[in-house]
>>> print(open('query_26.cif').read())   # mmCIF, C-alpha atoms
data_protein
loop_
_atom_site.label_atom_id
_atom_site.label_comp_id
_atom_site.auth_asym_id
_atom_site.auth_seq_id
_atom_site.Cartn_x
_atom_site.Cartn_y
_atom_site.Cartn_z
CA MET A 12 132.15 77.54 131.22
CA VAL A 13 128.43 76.81 131.68
CA THR A 14 128.23 78.95 134.83
CA GLY A 15 130.07 81.73 132.96
CA TRP A 16 127.49 81.59 130.18
CA ALA A 17 124.72 81.55 132.77
CA THR A 18 126.18 84.59 134.55
CA VAL A 19 126.36 86.51 131.25
CA GLN A 20 122.72 85.59 130.51
CA ILE A 21 121.67 86.72 133.99
CA ILE A 22 123.36 90.09 133.58
CA ILE A 23 121.85 90.53 130.09
CA SER A 24 118.41 89.58 131.45
CA PHE A 25 118.63 92.31 134.09
CA PHE A 26 119.18 94.87 131.37
CA LEU A 27 116.66 93.50 128.88
CA ALA A 28 114.05 92.44 131.48
CA ALA A 29 112.29 90.23 128.91
CA ALA A 30 113.57 86.95 130.37
CA LEU A 31 113.56 88.01 134.02
CA LYS A 32 110.58 85.84 134.99
CA HIS A 33 112.33 82.78 133.55
CA LEU A 34 115.47 83.75 135.42
CA TRP A 35 113.56 83.94 138.73
CA SER A 36 111.97 80.59 137.94
CA LEU A 37 115.42 79.01 137.39
CA THR A 38 116.93 80.47 140.56
CA ASP A 39 113.89 79.36 142.60
CA THR A 40 114.27 75.77 141.44
CA LEU A 41 118.04 75.74 141.92
CA GLN A 42 117.66 77.16 145.43
CA PHE A 43 115.65 74.11 146.49
CA ILE A 44 118.37 71.77 145.21
CA ILE A 45 121.15 73.78 146.88
CA PHE A 46 119.43 74.09 150.26
CA THR A 47 118.51 70.40 150.18
CA THR A 48 122.12 69.35 149.81
CA THR A 49 123.34 71.97 152.29
CA TYR A 50 120.91 71.55 155.18
CA TRP A 51 119.74 67.94 154.97
CA SER A 52 121.78 65.21 156.58
CA ILE A 53 122.33 63.26 153.37
CA GLN A 54 125.57 62.08 151.80
CA VAL A 55 125.85 63.58 148.34
CA PRO A 56 128.49 62.02 146.03
CA ALA A 57 131.51 64.27 145.50
CA VAL A 58 130.85 64.81 141.79
CA ALA A 59 127.26 65.98 142.38
CA GLU A 60 128.33 68.13 145.35
CA ALA A 61 130.95 69.90 143.21
CA VAL A 62 128.37 70.75 140.54
CA ILE A 63 125.81 71.93 143.10
CA ASN A 64 128.45 74.19 144.66
CA MET A 65 129.00 75.71 141.22
CA LEU A 66 125.27 76.35 140.90
CA LYS A 67 125.39 78.47 144.05
CA TYR A 68 127.07 81.19 141.98
CA VAL A 69 123.94 81.47 139.87
CA ALA A 70 121.12 80.68 142.29
CA LEU A 71 122.36 82.59 145.34
CA GLY A 72 124.13 85.38 143.46
CA GLU A 73 127.51 84.37 144.84
CA PHE A 74 129.23 86.00 141.86
CA ILE A 75 128.61 89.23 143.80
CA PRO A 76 131.76 89.94 145.86
CA TYR A 77 130.44 89.90 149.43
CA GLU A 78 133.48 88.67 151.37
CA ILE A 79 134.60 92.21 152.26
CA LEU A 80 131.32 92.79 154.13
CA THR A 81 131.11 89.37 155.79
CA ASP A 82 134.76 89.57 156.86
CA TRP A 83 134.12 93.01 158.35
CA ILE A 84 131.08 91.71 160.27
CA LYS A 85 133.07 88.73 161.50
CA GLU A 86 135.84 91.05 162.66
CA LYS A 87 133.44 93.40 164.45
CA PHE A 88 130.83 91.07 165.94
CA GLY A 89 132.12 87.54 165.52
CA GLN A 90 133.64 85.29 168.10
CA GLU A 91 136.14 82.63 167.15
CA PRO A 92 134.79 79.12 167.91
CA GLN A 93 136.00 78.13 171.37
CA ASN A 94 136.73 74.54 170.43
CA GLN A 95 136.59 72.04 167.59
CA GLU A 96 133.09 70.94 168.66
CA GLN A 97 131.70 74.45 168.10
CA LEU A 98 133.48 74.71 164.75
CA ASP A 99 132.05 71.35 163.63
CA GLU A 100 128.58 72.46 164.73
CA ILE A 101 128.76 75.57 162.52
CA GLU A 102 130.17 73.59 159.57
CA ASN A 103 127.53 70.87 159.91
CA ALA A 104 124.79 73.51 159.86
CA GLY A 105 126.03 74.45 156.37
CA VAL A 106 126.58 78.09 157.27
CA SER A 107 129.64 80.26 157.53
CA SER A 108 128.90 81.54 161.02
CA ASP A 109 126.37 81.69 163.84
CA ILE A 110 125.87 85.43 163.18
CA PHE A 111 122.67 86.10 161.22
CA LEU A 112 124.12 88.97 159.15
CA GLN A 113 127.16 86.97 158.13
CA ASN A 114 124.99 84.08 156.94
CA LEU A 115 123.20 86.39 154.51
CA ASP A 116 126.32 86.41 152.26
CA SER A 117 125.46 88.09 148.93
CA LEU A 118 122.16 89.40 150.33
CA LEU A 119 124.25 91.83 152.39
CA VAL A 120 125.46 93.50 149.19
CA VAL A 121 121.87 93.61 147.88
CA GLY A 122 120.79 95.24 151.18
CA LEU A 123 123.62 97.76 150.93
CA VAL A 124 122.64 98.66 147.35
CA MET A 125 119.02 99.14 148.49
CA LEU A 126 120.23 101.41 151.29
CA ILE A 127 122.21 103.51 148.80
CA VAL A 128 119.12 103.75 146.55
CA LEU A 129 117.07 104.93 149.55
CA ILE A 130 119.65 107.58 150.45
CA PHE A 131 119.69 108.72 146.82
CA LEU A 132 115.89 108.92 146.85
CA ALA A 133 115.91 110.93 150.09
CA LEU A 134 118.37 113.39 148.53
CA PHE A 135 116.23 113.53 145.38
CA SER A 136 113.16 114.38 147.50
CA ILE A 137 114.88 117.55 148.78
CA CYS A 138 114.94 119.06 145.29
CA LYS A 139 111.72 117.50 144.00
CA ASN A 140 109.79 120.79 144.04
CA SER A 141 112.32 122.69 141.94
CA SER A 142 110.41 121.98 138.70
CA ASP A 143 107.58 119.88 137.32
CA LYS A 144 110.01 117.73 135.35
CA VAL A 145 112.10 116.91 138.43
CA TYR A 146 108.94 116.15 140.45
CA LYS A 147 107.73 113.77 137.73
CA GLN A 148 111.11 111.97 137.65
CA TYR A 149 111.08 111.77 141.45
CA MET A 150 107.63 110.18 141.47
CA ILE A 151 108.69 107.60 138.85
CA ALA A 152 111.79 106.71 140.91
CA ARG A 153 109.77 106.56 144.15
CA ASN A 154 107.18 104.25 142.62
CA LYS A 155 109.90 101.95 141.37
CA VAL A 156 111.56 101.75 144.80
CA PHE A 157 108.37 101.65 146.92
CA TRP A 158 107.44 98.85 146.99
CA ASN A 159 108.46 96.76 144.01
CA MET A 160 112.18 96.71 144.82
CA PHE A 161 111.53 95.46 148.37
CA ILE A 162 108.88 92.94 147.28
CA ARG A 163 111.06 91.38 144.58
CA SER A 164 114.13 91.12 146.83
CA SER A 165 112.05 89.68 149.70
CA LEU A 166 110.57 87.02 147.40
CA GLN A 167 113.85 85.95 145.83
CA SER A 168 115.78 85.85 149.09
CA TYR A 169 113.02 84.43 151.30
CA LEU A 170 114.39 80.86 151.51
CA LYS A 171 117.93 82.08 152.15
CA MET A 172 116.74 84.47 154.86
CA LEU A 173 114.67 81.77 156.57
CA PHE A 174 117.67 79.43 156.69
CA ALA A 175 119.95 82.28 157.84
CA VAL A 176 117.56 82.98 160.75
CA VAL A 177 117.20 79.30 161.66
CA SER A 178 120.99 78.79 161.55
CA SER A 179 121.67 81.71 163.84
CA LEU A 180 119.18 80.55 166.49
CA MET B 24 108.59 89.03 161.04
CA LEU B 25 109.63 86.78 158.16
CA LEU B 26 106.84 84.33 158.95
CA ALA B 27 104.28 87.15 158.82
CA LEU B 28 105.28 88.13 155.27
CA PRO B 29 102.74 85.85 153.49
CA LEU B 30 100.00 87.28 155.71
CA VAL B 31 101.09 90.86 154.98
CA TYR B 32 101.12 90.23 151.23
CA ALA B 33 97.73 88.46 151.44
CA ILE B 34 96.21 91.48 153.23
CA VAL B 35 97.72 93.89 150.68
CA LEU B 36 96.40 91.85 147.74
CA LYS B 37 92.95 91.50 149.32
CA LYS B 38 92.79 95.24 149.94
CA LYS B 39 93.86 96.14 146.40
CA ARG B 40 91.97 93.26 144.74
CA ASP B 41 89.70 95.51 142.64
CA TYR B 42 92.46 97.94 141.63
CA LEU B 43 95.18 95.55 140.47
CA LEU B 44 94.89 96.70 136.85
CA VAL B 45 95.22 100.39 137.78
CA THR B 46 98.62 101.73 136.64
CA SER B 47 99.53 103.38 139.96
CA VAL B 48 98.86 100.15 141.90
CA ARG B 49 100.72 98.11 139.28
CA ASP B 50 103.71 100.48 139.54
CA ARG B 51 103.83 100.10 143.30
CA ILE B 52 103.08 96.44 144.06
CA GLY B 53 103.23 94.88 140.60
CA SER B 54 105.94 92.41 141.69
CA LEU B 55 103.30 90.60 143.72
CA TYR B 56 101.15 89.65 140.76
CA LEU B 57 102.63 90.78 137.42
CA GLY B 58 102.75 88.01 134.84
CA LYS B 59 99.80 86.27 136.54
CA LYS B 60 96.14 86.31 135.56
CA GLU B 61 95.02 89.39 137.52
CA THR B 62 91.32 88.57 137.34
CA GLU B 63 91.56 85.13 138.97
CA THR B 64 91.94 84.79 142.74
CA SER B 65 93.80 81.47 142.49
CA ALA B 66 96.37 83.09 140.19
CA ILE B 67 96.80 86.13 142.45
CA ALA B 68 97.34 83.77 145.40
CA PHE B 69 100.49 82.46 143.66
CA VAL B 70 102.81 84.64 145.72
CA ILE B 71 101.26 83.47 149.01
CA ILE B 72 101.60 79.81 148.01
CA TYR B 73 105.16 80.54 146.87
CA LEU B 74 106.09 81.84 150.34
CA LEU B 75 104.15 79.20 152.30
CA ARG B 76 105.91 76.47 150.34
CA ARG B 77 109.27 77.87 151.43
CA ILE B 78 108.17 78.08 155.06
CA LEU B 79 107.02 74.45 154.88
CA PHE B 80 110.37 73.44 153.36
CA VAL B 81 112.31 75.03 156.24
CA VAL B 82 109.93 73.72 158.93
CA LEU B 83 110.19 70.17 157.54
CA ALA B 84 113.99 70.46 157.38
CA ILE B 85 114.04 71.35 161.10
CA VAL B 86 111.36 68.94 162.37
CA LEU B 87 112.57 65.94 160.37
CA ALA B 88 116.29 66.71 160.53
CA THR B 89 117.12 63.28 161.95
CA GLN B 90 114.86 61.37 159.55
CA PRO B 91 115.99 62.43 156.06
CA HIS B 92 114.14 59.63 154.26
CA ILE B 93 110.78 60.81 155.67
CA LEU B 94 111.82 64.42 155.05
CA VAL B 95 112.52 63.81 151.37
CA HIS B 96 109.14 62.11 150.89
CA MET B 97 107.30 64.94 152.65
CA VAL B 98 109.03 67.50 150.44
CA MET B 99 108.17 65.43 147.37
CA LEU B 100 104.56 65.41 148.48
CA SER B 101 104.55 69.20 148.93
CA ASN B 102 106.10 69.47 145.45
CA LEU B 103 103.30 67.33 144.02
CA PHE B 104 100.66 69.56 145.63
CA TYR B 105 102.39 72.61 144.17
CA MET B 106 102.35 70.99 140.72
CA MET B 107 98.66 70.23 141.18
CA TYR B 108 98.06 73.90 142.00
CA LEU B 109 100.00 74.95 138.88
CA GLY B 110 98.05 72.48 136.76
CA PHE B 111 94.62 73.48 138.04
CA SER B 112 94.99 77.25 138.27
CA MET B 113 97.46 77.90 135.38
CA PRO B 114 98.36 81.20 137.07
CA PHE B 115 100.71 82.66 134.44
CA LEU B 116 99.60 84.95 131.64
CA LEU B 117 101.98 83.37 129.14
CA GLU B 118 101.55 79.68 128.42
CA MET B 119 105.28 79.33 127.82
CA HIS B 120 106.03 80.57 131.34
CA TRP B 121 103.58 78.02 132.74
CA ARG B 122 105.15 75.21 130.72
CA VAL B 123 108.69 76.14 131.82
CA GLU B 124 107.55 76.35 135.47
CA LEU B 125 105.90 72.92 135.23
CA ALA B 126 108.98 71.44 133.55
CA ASN B 127 111.16 72.90 136.32
CA GLU B 128 108.93 71.46 139.04
CA PHE B 129 108.88 68.07 137.32
CA LEU B 130 112.68 68.05 137.05
CA LEU B 131 112.96 69.15 140.69
CA LEU B 132 110.58 66.40 141.79
CA THR B 133 112.59 63.76 139.95
CA GLN B 134 115.77 65.14 141.57
CA TYR B 135 114.37 64.13 144.95
CA TYR B 136 114.67 60.46 143.95
CA TYR B 137 118.44 60.94 144.06
CA PHE B 138 118.05 62.40 147.54
CA VAL B 139 116.11 59.26 148.57
CA LEU B 140 119.19 57.28 147.56
CA TYR B 141 121.54 59.72 149.30
CA ALA B 142 119.46 59.52 152.49
CA GLY B 143 120.48 55.88 152.81
CA LEU B 144 117.04 54.37 152.29
CA VAL B 145 118.51 52.11 149.61
CA PRO B 146 121.93 50.71 150.60
CA THR B 147 124.52 51.38 147.88
CA ASP B 148 128.25 50.75 147.58
CA ARG B 149 130.74 53.49 146.71
CA THR B 150 130.96 52.71 142.98
CA THR B 151 127.17 52.72 142.61
CA ARG B 152 126.95 55.99 144.56
CA ASP B 153 129.47 57.60 142.21
CA LYS B 154 127.44 56.43 139.21
CA ILE B 155 124.26 57.83 140.80
CA GLY B 156 126.16 61.10 141.33
CA ILE B 157 127.03 61.30 137.61
CA ALA B 158 123.39 60.61 136.68
CA HIS B 159 122.35 63.35 139.11
CA VAL B 160 124.77 65.82 137.49
CA ILE B 161 123.29 65.03 134.06
CA HIS B 162 119.81 65.57 135.52
CA ILE B 163 120.80 68.96 136.95
CA GLY B 164 122.42 69.80 133.60
CA VAL B 165 119.14 69.15 131.76
CA LEU B 166 117.27 71.47 134.14
CA PHE B 167 119.93 74.16 133.87
CA LEU B 168 120.29 74.00 130.10
CA LEU B 169 116.54 73.97 129.47
CA ASN B 170 116.20 77.22 131.38
CA LEU B 171 119.29 78.82 129.88
CA VAL B 172 118.07 78.00 126.37
CA VAL B 173 114.68 79.60 127.16
CA ILE B 174 116.36 82.68 128.70
CA SER B 175 118.74 83.01 125.73
CA VAL B 176 115.93 82.63 123.16
CA VAL B 177 113.78 85.22 124.96
CA ASN B 178 116.73 87.64 125.18
CA VAL B 179 117.68 87.22 121.51
CA THR B 180 114.04 87.57 120.42
CA SER B 181 113.68 90.73 122.51
CA VAL B 182 116.81 92.32 120.98
CA TYR B 183 115.73 91.26 117.48
CA ARG B 184 112.26 92.76 118.04
CA ALA B 185 113.71 96.04 119.32
CA LEU B 186 116.01 96.30 116.30
CA TYR B 187 113.16 95.47 113.90
CA LEU B 188 110.93 98.17 115.47
CA LYS B 189 113.78 100.69 115.23
CA LYS B 190 114.25 99.81 111.58
CA LEU B 191 110.51 100.28 110.95
CA ALA B 192 110.56 103.64 112.74
CA TYR B 193 113.44 104.88 110.53
CA ALA B 194 111.69 103.61 107.39
#
>>> encode(input="query_26.cif", output="structure tokens")
Amino acid sequence: MVTGWATVQIIISFFLAAALKHLWSLTDTLQFIIFTTTYWSIQVPAVAEAVINMLKYVALGEFIPYEILTDWIKEKFGQEPQNQEQLDEIENAGVSSDIFLQNLDSLLVVGLVMLIVLIFLALFSICKNSSDKVYKQYMIARNKVFWNMFIRSSLQSYLKMLFAVVSSL
Amino acid sequence: MLLALPLVYAIVLKKKRDYLLVTSVRDRIGSLYLGKKETETSAIAFVIIYLLRRILFVVLAIVLATQPHILVHMVMLSNLFYMMYLGFSMPFLLEMHWRVELANEFLLLTQYYYFVLYAGLVPTDRTTRDKIGIAHVIHIGVLFLLNLVVISVVNVTSVYRALYLKKLAYA
């Protein structure tokens, strides 16, 4: 119920933008807790582990349905673990796979959305000179995409990306 | 490439240092410094410290993978330095944001004491571990609820303000 409430607040915050900085602050803090329990060799009690797994929905944006993409990547580029030892190694590393892209999870969807925005912007640029009004709207959209969209996503996903790279090495 | 990101952002901020208040610069790279005190170098450096802290966290997790009790103390130390930075530079424009960030860091720092116990530095039996787990859940709950209350209050205030302004405009 609490994570449901949190998810609603997150979605509202994206639309209202007033509480976004507090939202980023919360996700940053939660990310440290999540990555500590995932990547450190410590034995977390089951009750705490269950709660931390729930927090992943909020802090790592796992409410975004990303399985379609990760499954597709696994199908295309993945190799089934040869033996139990390899499988254990991947599980102990706290990642879903040894493929970098697959470890990005929900970040893949974010990347895909950014790609769509870029394509849309490229199409918009074709007709930007049709009128002053269109040109003005194009410039506003371009300024919003370059570079703020990339900067914000790189900051929020930095820890996840670092661990995804390290895990795939 | 990921490791070079703090350097890239540092170069960009240094280059645009005198133009950070200009609207066109703000529209383009505002995410690097918006909400911080734009006139103070220590406040602008927030984003660099933010990234370096994450790099340190990952490097420590790799280097000290087999010694979790040392790892947890090193991370606690880095957390303390970050809190010192927050305390000295007070980088945020809004005092409330600064207070929430400090509260978050304090609650995160105190969380690491549970990780000291989980790392096996203090031997505990199963029943005690379960009790520690419940205390840890309550601790996480406090952190989570504090932030959600702040987010909810800010959202409600923002909607209320928008409605009030609309009402004034109609009047």
>>> residues_around(input="query_26.cif", residues="stretch 146-150 of chain A", least_positions_apart="2", cutoff="12 Å", atoms="only C-alpha atoms", output="ChimeraX atom specification")
/A:131-144,152-157 /B:47,50-51
>>> resolve_selection(input="query_26.cif", expression="the PyMOL selection byres ((chain B) within 6 of (chain A))", output="CSV table (one decimal) with C-alpha atoms, keeping the file's coordinate frame")
chain,number,residue,atom,x,y,z
B,50,ASP,CA,103.7,100.5,139.5
B,51,ARG,CA,103.8,100.1,143.3
B,52,ILE,CA,103.1,96.4,144.1
B,54,SER,CA,105.9,92.4,141.7
B,77,ARG,CA,109.3,77.9,151.4
B,141,TYR,CA,121.5,59.7,149.3
B,142,ALA,CA,119.5,59.5,152.5
B,153,ASP,CA,129.5,57.6,142.2
B,156,GLY,CA,126.2,61.1,141.3
B,160,VAL,CA,124.8,65.8,137.5
B,174,ILE,CA,116.4,82.7,128.7
B,177,VAL,CA,113.8,85.2,125.0
>>> residues_around(input="query_26.cif", residues="B:Ile161", least_positions_apart="3", cutoff="12 Å", atoms="all atoms listed in the file", output="JSON, numbers by chain")
{"A": [58, 59, 62, 63], "B": [130, 134, 137, 154, 155, 156, 157, 158, 164, 165, 166, 167, 168]}
>>> axis_aligned_box(input="query_26.cif", around="stretch 67-78 of chain B", padding_each_side="6 Å", output="lines of an AutoDock Vina configuration file")
center_x = 103.0
center_y = 81.3
center_z = 148.8
size_x = 24.5
size_y = 21.7
size_z = 24.6
>>> residues_around(input="query_26.cif", residues="stretch 40-43 of chain B", least_positions_apart="6", cutoff="9 Å", atoms="all atoms listed in the file", output="short mmCIF file (atom, residue, chain, number, x, y, z; two decimals) with C-alpha atoms, keeping the file's coordinate frame")
data_model
loop_
_atom_site.label_atom_id
_atom_site.label_comp_id
_atom_site.auth_asym_id
_atom_site.auth_seq_id
_atom_site.Cartn_x
_atom_site.Cartn_y
_atom_site.Cartn_z
CA ARG B 49 100.72 98.11 139.28
CA ILE B 52 103.08 96.44 144.06
CA GLY B 53 103.23 94.88 140.60
CA TYR B 56 101.15 89.65 140.76
CA GLU B 61 95.02 89.39 137.52
CA THR B 62 91.32 88.57 137.34
CA THR B 64 91.94 84.79 142.74
CA ILE B 67 96.80 86.13 142.45
#
>>> closest_residue(input="query_26.cif", among="B:Ala192, B:Val95, B:Met107, B:Ile72", to="B:Phe129", atoms="all atoms listed in the file")
B:Met107
>>> residues_around(input="query_26.cif", residues="stretch 101-106 of chain B", least_positions_apart="6", cutoff="7 Å", atoms="all atoms listed in the file", output="compact mmCIF listing (two decimals) with C-alpha atoms, in the frame of the given file")
# COMPACT_ATOMS: atom_id res chain seq x y z
CA LEU B 125 105.90 72.92 135.23
CA GLU B 128 108.93 71.46 139.04
CA LEU B 132 110.58 66.40 141.79
>>> atom_distance(input="query_26.cif", atom1="atom CA of A:Asp82", atom2="atom CA of A:Gln42")
24.0 Å
